[in-house]
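Peer 1: Below is one structure. I have some questions about it.
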Amino acid sequence: MLSVILFAALFAIPLLPGLREVRRPRDDGRLEIPDGYTREPRYFGRAGRASVAERLADAPAVPVRIAAGAREGGDVLGRGDVTVGDGARVANVFAGGDLTCGIGSIARAACSDGDATFAANCTIARWVDAAGDLRVGRGSDLGVSAAAGKTVALGPNVRFGRVYGSPVAVAPDAESDDSAPVDGARTIGANAAPIDIIERGDLTVAPGAIVTGSIKAYGSIVVGANARVTGNVVSRADVILCDGAAVDGHVFAEDYVRTGRDARVGTAALQKTAFAGREIRLGGGTTVHGWIVCDGLGVTGS
């Protein structure tokens, strides 16, 4: 009998905390998960503006200029236009108007309620956000995130992690990847009826073909020159968009995404995402309507 009582006690002890919680709930509230970072492409800009709203209201209404080569350890705030001179270093810069950063300037974060223009070889350590257009010169580094309320224009050899714009366009003079189709890959042409294609190996869409559906391959996918896929393109390896190739849907590659000249992802009416797990390399004239996301290196052609 004693052994039965001891067994029942040992069985009941682990249940006591749960029974106490049922009687007097202390952890029955909703779990708060901030989803703005993942769902809002301009999250950094909105959060940054909110953090300096009171100080920005007291900032000068006249244009603010940071001299070339200057070093500013504190935040630079201006309710109007802000200009950062060549080679200047600033912490965080917030402009109520347009923001202009000179050649080789460096900032931790940059935010503009108008347009933002970065000359060649600028460096943003964390993020940049512009309510208007964002223009980035050759050889600049955009840090973790860059976003604009309107268009984003990227010069040659610009490095990035995530970019969002309507659209994001690469300068025509940037070099383009000229990749040949994968040897031994299955080649498909136009399909008459909407159909999703799944391939266990490599896959090539023939030049000029129109595929009305989505494509998924466990190998590499090459969308030939001037070909179009109306759905998504998903690869467990690489995705290569040749010159003039277009994908109306999302592009997802676990390894690399490379584009030729004048390639396109998404449409003006439907914003989409180009994602690569390791590297995205965008050729001259490439246009992405929506997000570009890379867990590794993102760069435009030299």
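Within each chain, counting starts at residue 1; across the structure tokens, chains are named A, B, ... in the order shown, with ligands numbered 1 upward in that order.
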Show me, as a list of chain:residue names, the residues that have an atom within 8 Å of Val152 (chain A) when counting only C-alpha atoms, minus same-chain residues fewer than 6 positions from it.

Peer 2: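 My reading of the contact set: A:Asp133, A:Leu134, A:Arg135, A:Val136, A:Tyr164, A:Gly165, A:Ser166, A:Pro167, A:Val168, A:Ala169.
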
Peer 1: Pick out the residues sitting within 10 Å of Ala107 (chain A), and hand them over as JSON, numbers by chain; count only C-alpha atoms, and ignore anything fewer than 3 positions along from it in its own chain.

Peer 2: {"A": [72, 75, 84, 88, 89, 90, 91, 92, 93, 101, 110, 122, 123, 124, 125, 126, 127, 128, 142]}

Peer 1: Nearest to Val144 (chain A) among A:Gly301, A:Val76, A:Ile292, A:Gly244, with distances taken over only C-alpha atoms: which residue is it?

Peer 2: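 Closest candidate: A:Ile292.
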
Peer 1: Excluding Gln271 (chain A) and residues on its chain fewer than 4 positions from it, collect all residues at most 7 Å away from it, counting only C-alpha atoms, and give them as a count of residues only.

Peer 2: 4

Peer 1: To one decimal place, how far is CA of Ala253 (chain A) from CA of Ile197 (chain A) in Å?

Peer 2: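 According to the coordinates, CA of Ala253 (chain A) and CA of Ile197 (chain A) are separated by 15.9 Å.
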
Peer 1: Point out the residue among A:Gly277, A:Gly73, A:Gly283, A:Gly139 with the least atom-to-atom distance to Gly104 (chain A), counting only C-alpha atoms.

Peer 2: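 Of A:Gly277, A:Gly73, A:Gly283, A:Gly139, the one nearest Gly104 (chain A) is A:Gly139, counting only C-alpha atoms.
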
Peer 1: List the neighbours of region 238-240 of chain A out to 10 Å using only C-alpha atoms; skip same-chain residues closer than 5 positions along the sequence, and give me the result as a PyMOL selection string.

Peer 2: chain A and resi 177-182+202-204+217-224+233+245+251-260+263+275-281

Peer 1: Export, as a CSV table (one decimal), in the first residue's frame, the selected residues with C-alpha atoms.

Peer 2:
chain,number,residue,atom,x,y,z
A,177,ASP,CA,26.7,37.8,-66.1
A,178,ASP,CA,26.9,36.0,-69.4
A,179,SER,CA,26.3,32.4,-68.2
A,180,ALA,CA,25.8,29.6,-70.6
A,181,PRO,CA,23.1,27.0,-70.1
A,182,VAL,CA,23.9,24.2,-67.7
A,202,ASP,CA,18.9,21.0,-63.7
A,203,LEU,CA,16.5,22.9,-65.9
A,204,THR,CA,16.8,25.4,-68.8
A,217,ALA,CA,14.1,22.3,-59.6
A,218,TYR,CA,16.4,20.5,-57.2
A,219,GLY,CA,19.3,21.5,-59.5
A,220,SER,CA,20.1,24.8,-61.2
A,221,ILE,CA,17.6,26.8,-63.3
A,222,VAL,CA,18.6,28.9,-66.3
A,223,VAL,CA,16.0,31.2,-67.8
A,224,GLY,CA,17.2,31.8,-71.4
A,233,VAL,CA,11.2,30.2,-60.1
A,245,ALA,CA,14.8,37.2,-69.1
A,251,VAL,CA,12.9,34.1,-57.6
A,252,PHE,CA,14.3,31.8,-54.8
A,253,ALA,CA,17.7,30.1,-54.9
A,254,GLU,CA,19.4,28.4,-52.0
A,255,ASP,CA,22.8,29.3,-53.4
A,256,TYR,CA,23.2,31.9,-56.1
A,257,VAL,CA,21.1,34.3,-58.2
A,258,ARG,CA,22.8,35.9,-61.2
A,259,THR,CA,21.2,38.1,-63.8
A,260,GLY,CA,22.2,39.2,-67.3
A,263,ALA,CA,16.6,41.0,-66.7
A,275,PHE,CA,16.2,35.8,-52.7
A,276,ALA,CA,19.6,34.0,-52.6
A,277,GLY,CA,21.1,32.1,-49.7
A,278,ARG,CA,24.7,32.8,-50.6
A,279,GLU,CA,25.1,35.4,-53.3
A,280,ILE,CA,23.1,37.7,-55.6
A,281,ARG,CA,24.9,39.3,-58.5

Peer 1: With DSSP run on the backbone, what are the strand (DSSP E or B) residues within region 120-248 of chain A? I'd like them as a PDB file with N, CA and C atoms, in the first residue's frame.

Peer 2:
ATOM      1  N   THR A 123      29.733  54.529 -47.644  1.00  0.00           N
ATOM      2  CA  THR A 123      29.541  53.342 -46.811  1.00  0.00           C
ATOM      3  C   THR A 123      28.460  53.610 -45.777  1.00  0.00           C
ATOM      4  N   ILE A 124      27.456  52.735 -45.741  1.00  0.00           N
ATOM      5  CA  ILE A 124      26.429  52.754 -44.700  1.00  0.00           C
ATOM      6  C   ILE A 124      26.611  51.484 -43.885  1.00  0.00           C
ATOM      7  N   ALA A 125      26.910  51.639 -42.607  1.00  0.00           N
ATOM      8  CA  ALA A 125      27.222  50.473 -41.789  1.00  0.00           C
ATOM      9  C   ALA A 125      25.978  49.634 -41.491  1.00  0.00           C
ATOM     10  N   ARG A 126      24.838  50.287 -41.281  1.00  0.00           N
ATOM     11  CA  ARG A 126      23.649  49.550 -40.861  1.00  0.00           C
ATOM     12  C   ARG A 126      22.522  49.617 -41.891  1.00  0.00           C
ATOM     13  N   TRP A 127      21.867  50.775 -42.000  1.00  0.00           N
ATOM     14  CA  TRP A 127      20.710  50.851 -42.886  1.00  0.00           C
ATOM     15  C   TRP A 127      20.530  52.257 -43.434  1.00  0.00           C
ATOM     16  N   VAL A 128      19.788  52.340 -44.545  1.00  0.00           N
ATOM     17  CA  VAL A 128      19.426  53.618 -45.146  1.00  0.00           C
ATOM     18  C   VAL A 128      17.978  53.531 -45.599  1.00  0.00           C
ATOM     19  N   ASP A 129      17.238  54.626 -45.396  1.00  0.00           N
ATOM     20  CA  ASP A 129      15.839  54.672 -45.790  1.00  0.00           C
ATOM     21  C   ASP A 129      15.531  56.044 -46.365  1.00  0.00           C
ATOM     22  N   ALA A 130      14.838  56.064 -47.501  1.00  0.00           N
ATOM     23  CA  ALA A 130      14.423  57.315 -48.128  1.00  0.00           C
ATOM     24  C   ALA A 130      12.936  57.249 -48.429  1.00  0.00           C
ATOM     25  N   LEU A 134      15.958  56.730 -53.969  1.00  0.00           N
ATOM     26  CA  LEU A 134      17.290  56.454 -53.425  1.00  0.00           C
ATOM     27  C   LEU A 134      18.231  56.191 -54.586  1.00  0.00           C
ATOM     28  N   ARG A 135      19.305  56.998 -54.674  1.00  0.00           N
ATOM     29  CA  ARG A 135      20.294  56.849 -55.738  1.00  0.00           C
ATOM     30  C   ARG A 135      21.650  56.562 -55.115  1.00  0.00           C
ATOM     31  N   VAL A 136      22.318  55.515 -55.616  1.00  0.00           N
ATOM     32  CA  VAL A 136      23.562  55.041 -54.997  1.00  0.00           C
ATOM     33  C   VAL A 136      24.648  54.948 -56.065  1.00  0.00           C
ATOM     34  N   ASP A 141      28.588  50.829 -50.345  1.00  0.00           N
ATOM     35  CA  ASP A 141      28.161  49.691 -49.526  1.00  0.00           C
ATOM     36  C   ASP A 141      26.942  50.131 -48.723  1.00  0.00           C
ATOM     37  N   SER A 145      20.498  46.928 -44.747  1.00  0.00           N
ATOM     38  CA  SER A 145      19.198  47.160 -45.380  1.00  0.00           C
ATOM     39  C   SER A 145      19.160  48.526 -46.033  1.00  0.00           C
ATOM     40  N   ALA A 146      18.552  48.582 -47.218  1.00  0.00           N
ATOM     41  CA  ALA A 146      18.318  49.844 -47.919  1.00  0.00           C
ATOM     42  C   ALA A 146      16.909  49.805 -48.481  1.00  0.00           C
ATOM     43  N   ALA A 147      16.141  50.879 -48.280  1.00  0.00           N
ATOM     44  CA  ALA A 147      14.751  50.883 -48.732  1.00  0.00           C
ATOM     45  C   ALA A 147      14.355  52.285 -49.141  1.00  0.00           C
ATOM     46  N   ALA A 148      13.392  52.355 -50.042  1.00  0.00           N
ATOM     47  CA  ALA A 148      12.889  53.643 -50.507  1.00  0.00           C
ATOM     48  C   ALA A 148      11.392  53.545 -50.744  1.00  0.00           C
ATOM     49  N   VAL A 152      14.739  52.833 -56.408  1.00  0.00           N
ATOM     50  CA  VAL A 152      16.120  52.687 -55.968  1.00  0.00           C
ATOM     51  C   VAL A 152      16.970  52.483 -57.224  1.00  0.00           C
ATOM     52  N   ALA A 153      17.971  53.320 -57.398  1.00  0.00           N
ATOM     53  CA  ALA A 153      18.882  53.227 -58.535  1.00  0.00           C
ATOM     54  C   ALA A 153      20.267  52.864 -58.020  1.00  0.00           C
ATOM     55  N   LEU A 154      20.778  51.707 -58.424  1.00  0.00           N
ATOM     56  CA  LEU A 154      22.067  51.219 -57.951  1.00  0.00           C
ATOM     57  C   LEU A 154      23.109  51.338 -59.053  1.00  0.00           C
ATOM     58  N   ARG A 159      27.391  47.072 -53.062  1.00  0.00           N
ATOM     59  CA  ARG A 159      27.162  45.918 -52.190  1.00  0.00           C
ATOM     60  C   ARG A 159      25.954  46.178 -51.291  1.00  0.00           C
ATOM     61  N   PHE A 160      25.227  45.111 -50.993  1.00  0.00           N
ATOM     62  CA  PHE A 160      24.001  45.254 -50.210  1.00  0.00           C
ATOM     63  C   PHE A 160      23.631  43.933 -49.553  1.00  0.00           C
ATOM     64  N   GLY A 161      22.736  44.015 -48.555  1.00  0.00           N
ATOM     65  CA  GLY A 161      22.165  42.831 -47.938  1.00  0.00           C
ATOM     66  C   GLY A 161      20.720  42.659 -48.352  1.00  0.00           C
ATOM     67  N   ARG A 162      19.917  43.691 -48.078  1.00  0.00           N
ATOM     68  CA  ARG A 162      18.520  43.715 -48.500  1.00  0.00           C
ATOM     69  C   ARG A 162      18.243  45.073 -49.134  1.00  0.00           C
ATOM     70  N   VAL A 163      17.501  45.070 -50.229  1.00  0.00           N
ATOM     71  CA  VAL A 163      17.128  46.315 -50.906  1.00  0.00           C
ATOM     72  C   VAL A 163      15.654  46.228 -51.271  1.00  0.00           C
ATOM     73  N   TYR A 164      14.936  47.339 -51.045  1.00  0.00           N
ATOM     74  CA  TYR A 164      13.524  47.390 -51.409  1.00  0.00           C
ATOM     75  C   TYR A 164      13.241  48.692 -52.146  1.00  0.00           C
ATOM     76  N   GLY A 165      12.520  48.588 -53.248  1.00  0.00           N
ATOM     77  CA  GLY A 165      12.133  49.773 -53.993  1.00  0.00           C
ATOM     78  C   GLY A 165      11.071  49.443 -55.009  1.00  0.00           C
ATOM     79  N   SER A 166      10.503  50.492 -55.615  1.00  0.00           N
ATOM     80  CA  SER A 166       9.439  50.318 -56.605  1.00  0.00           C
ATOM     81  C   SER A 166       9.785  51.068 -57.894  1.00  0.00           C
ATOM     82  N   PRO A 167      10.685  50.522 -58.691  1.00  0.00           N
ATOM     83  CA  PRO A 167      11.424  49.272 -58.494  1.00  0.00           C
ATOM     84  C   PRO A 167      12.847  49.545 -58.006  1.00  0.00           C
ATOM     85  N   VAL A 168      13.657  48.466 -57.938  1.00  0.00           N
ATOM     86  CA  VAL A 168      15.102  48.565 -57.767  1.00  0.00           C
ATOM     87  C   VAL A 168      15.716  48.341 -59.150  1.00  0.00           C
ATOM     88  N   ALA A 169      16.504  49.316 -59.618  1.00  0.00           N
ATOM     89  CA  ALA A 169      17.056  49.239 -60.967  1.00  0.00           C
ATOM     90  C   ALA A 169      18.571  49.393 -60.918  1.00  0.00           C
ATOM     91  N   VAL A 170      19.266  48.556 -61.675  1.00  0.00           N
ATOM     92  CA  VAL A 170      20.723  48.594 -61.754  1.00  0.00           C
ATOM     93  C   VAL A 170      21.128  49.421 -62.965  1.00  0.00           C
ATOM     94  N   ARG A 186      17.757  19.564 -68.600  1.00  0.00           N
ATOM     95  CA  ARG A 186      16.538  19.422 -69.388  1.00  0.00           C
ATOM     96  C   ARG A 186      16.116  20.802 -69.886  1.00  0.00           C
ATOM     97  N   THR A 187      15.749  20.897 -71.158  1.00  0.00           N
ATOM     98  CA  THR A 187      15.349  22.167 -71.750  1.00  0.00           C
ATOM     99  C   THR A 187      13.858  22.146 -72.042  1.00  0.00           C
ATOM    100  N   ILE A 188      13.175  23.223 -71.657  1.00  0.00           N
ATOM    101  CA  ILE A 188      11.740  23.321 -71.909  1.00  0.00           C
ATOM    102  C   ILE A 188      11.464  24.564 -72.737  1.00  0.00           C
ATOM    103  N   ILE A 197       5.997  23.266 -63.192  1.00  0.00           N
ATOM    104  CA  ILE A 197       7.001  22.306 -63.623  1.00  0.00           C
ATOM    105  C   ILE A 197       7.931  21.989 -62.460  1.00  0.00           C
ATOM    106  N   ILE A 198       8.120  20.705 -62.187  1.00  0.00           N
ATOM    107  CA  ILE A 198       9.033  20.264 -61.137  1.00  0.00           C
ATOM    108  C   ILE A 198      10.069  19.349 -61.769  1.00  0.00           C
ATOM    109  N   GLU A 199      11.345  19.655 -61.529  1.00  0.00           N
ATOM    110  CA  GLU A 199      12.439  18.898 -62.120  1.00  0.00           C
ATOM    111  C   GLU A 199      13.410  18.474 -61.028  1.00  0.00           C
ATOM    112  N   LEU A 203      17.551  22.516 -64.991  1.00  0.00           N
ATOM    113  CA  LEU A 203      16.489  22.878 -65.925  1.00  0.00           C
ATOM    114  C   LEU A 203      16.857  24.162 -66.650  1.00  0.00           C
ATOM    115  N   THR A 204      16.592  24.196 -67.960  1.00  0.00           N
ATOM    116  CA  THR A 204      16.831  25.392 -68.762  1.00  0.00           C
ATOM    117  C   THR A 204      15.560  25.761 -69.509  1.00  0.00           C
ATOM    118  N   VAL A 205      15.171  27.022 -69.428  1.00  0.00           N
ATOM    119  CA  VAL A 205      14.059  27.533 -70.232  1.00  0.00           C
ATOM    120  C   VAL A 205      14.654  28.070 -71.523  1.00  0.00           C
ATOM    121  N   ILE A 210       7.939  31.263 -73.418  1.00  0.00           N
ATOM    122  CA  ILE A 210       7.057  31.795 -72.372  1.00  0.00           C
ATOM    123  C   ILE A 210       6.458  30.609 -71.626  1.00  0.00           C
ATOM    124  N   VAL A 211       6.776  30.500 -70.348  1.00  0.00           N
ATOM    125  CA  VAL A 211       6.280  29.417 -69.506  1.00  0.00           C
ATOM    126  C   VAL A 211       5.181  29.977 -68.617  1.00  0.00           C
ATOM    127  N   ILE A 215       8.162  27.231 -61.791  1.00  0.00           N
ATOM    128  CA  ILE A 215       9.195  26.227 -62.013  1.00  0.00           C
ATOM    129  C   ILE A 215       9.915  25.969 -60.698  1.00  0.00           C
ATOM    130  N   LYS A 216      10.089  24.684 -60.383  1.00  0.00           N
ATOM    131  CA  LYS A 216      10.904  24.293 -59.238  1.00  0.00           C
ATOM    132  C   LYS A 216      11.857  23.198 -59.667  1.00  0.00           C
ATOM    133  N   ALA A 217      13.132  23.336 -59.279  1.00  0.00           N
ATOM    134  CA  ALA A 217      14.130  22.326 -59.630  1.00  0.00           C
ATOM    135  C   ALA A 217      15.038  22.080 -58.444  1.00  0.00           C
ATOM    136  N   ILE A 221      18.616  26.352 -62.311  1.00  0.00           N
ATOM    137  CA  ILE A 221      17.636  26.784 -63.301  1.00  0.00           C
ATOM    138  C   ILE A 221      18.230  27.931 -64.102  1.00  0.00           C
ATOM    139  N   VAL A 222      18.189  27.826 -65.417  1.00  0.00           N
ATOM    140  CA  VAL A 222      18.621  28.898 -66.311  1.00  0.00           C
ATOM    141  C   VAL A 222      17.417  29.349 -67.124  1.00  0.00           C
ATOM    142  N   VAL A 223      17.061  30.620 -67.013  1.00  0.00           N
ATOM    143  CA  VAL A 223      15.993  31.187 -67.839  1.00  0.00           C
ATOM    144  C   VAL A 223      16.679  31.884 -69.000  1.00  0.00           C
ATOM    145  N   ARG A 228      10.392  34.173 -70.621  1.00  0.00           N
ATOM    146  CA  ARG A 228       9.549  34.708 -69.545  1.00  0.00           C
ATOM    147  C   ARG A 228       8.863  33.569 -68.817  1.00  0.00           C
ATOM    148  N   VAL A 229       8.864  33.656 -67.484  1.00  0.00           N
ATOM    149  CA  VAL A 229       8.137  32.719 -66.632  1.00  0.00           C
ATOM    150  C   VAL A 229       7.074  33.529 -65.890  1.00  0.00           C
ATOM    151  N   VAL A 233      10.089  31.057 -59.712  1.00  0.00           N
ATOM    152  CA  VAL A 233      11.225  30.208 -60.063  1.00  0.00           C
ATOM    153  C   VAL A 233      11.953  29.872 -58.769  1.00  0.00           C
ATOM    154  N   VAL A 234      11.985  28.573 -58.425  1.00  0.00           N
ATOM    155  CA  VAL A 234      12.544  28.134 -57.148  1.00  0.00           C
ATOM    156  C   VAL A 234      13.574  27.045 -57.415  1.00  0.00           C
ATOM    157  N   SER A 235      14.784  27.217 -56.864  1.00  0.00           N
ATOM    158  CA  SER A 235      15.862  26.253 -57.084  1.00  0.00           C
ATOM    159  C   SER A 235      16.541  25.912 -55.768  1.00  0.00           C
ATOM    160  N   VAL A 239      19.909  30.101 -59.605  1.00  0.00           N
ATOM    161  CA  VAL A 239      19.009  30.617 -60.636  1.00  0.00           C
ATOM    162  C   VAL A 239      19.785  31.644 -61.457  1.00  0.00           C
ATOM    163  N   ILE A 240      19.778  31.456 -62.772  1.00  0.00           N
ATOM    164  CA  ILE A 240      20.460  32.379 -63.677  1.00  0.00           C
ATOM    165  C   ILE A 240      19.431  32.928 -64.653  1.00  0.00           C
ATOM    166  N   LEU A 241      19.304  34.250 -64.686  1.00  0.00           N
ATOM    167  CA  LEU A 241      18.433  34.918 -65.643  1.00  0.00           C
ATOM    168  C   LEU A 241      19.318  35.532 -66.721  1.00  0.00           C
ATOM    169  N   ALA A 246      12.732  37.330 -67.959  1.00  0.00           N
ATOM    170  CA  ALA A 246      11.776  37.936 -67.033  1.00  0.00           C
ATOM    171  C   ALA A 246      11.057  36.859 -66.239  1.00  0.00           C
ATOM    172  N   VAL A 247      10.893  37.121 -64.941  1.00  0.00           N
ATOM    173  CA  VAL A 247      10.110  36.249 -64.053  1.00  0.00           C
ATOM    174  C   VAL A 247       9.079  37.137 -63.383  1.00  0.00           C
TER     175      VAL A 247
END

Peer 1: Identify which of the residues A:Gly285, A:Gly137, A:Pro156, A:Gly96 lies closest to Arg49 (chain A), counting only C-alpha atoms when measuring atom-to-atom distances.

Peer 2: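 Closest to Arg49 (chain A) of all the choices is A:Gly96.
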
Peer 1: Among region 26-199 of chain A, which ones does DSSP place in helix (DSSP H, G or I), written as JSON, numbers by chain?

Peer 2: {"A": [36, 37, 38, 39, 43, 44, 45, 46, 47, 48, 49, 50, 51, 53, 54, 55, 56, 57]}

Peer 1: Figure out the distance between CA of Ala227 (chain A) and CA of Asp262 (chain A), please, to one decimal in Å.

Peer 2: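 Going from CA of Asp262 (chain A) over to CA of Ala227 (chain A) covers 11.8 Å.
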
Peer 1: Between CA of Gly69 (chain A) and CA of Ile106 (chain A), what is the distance, to one decimal in Å?

Peer 2: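 Computed distance, CA of Gly69 (chain A) to CA of Ile106 (chain A), equals 10.1 Å.
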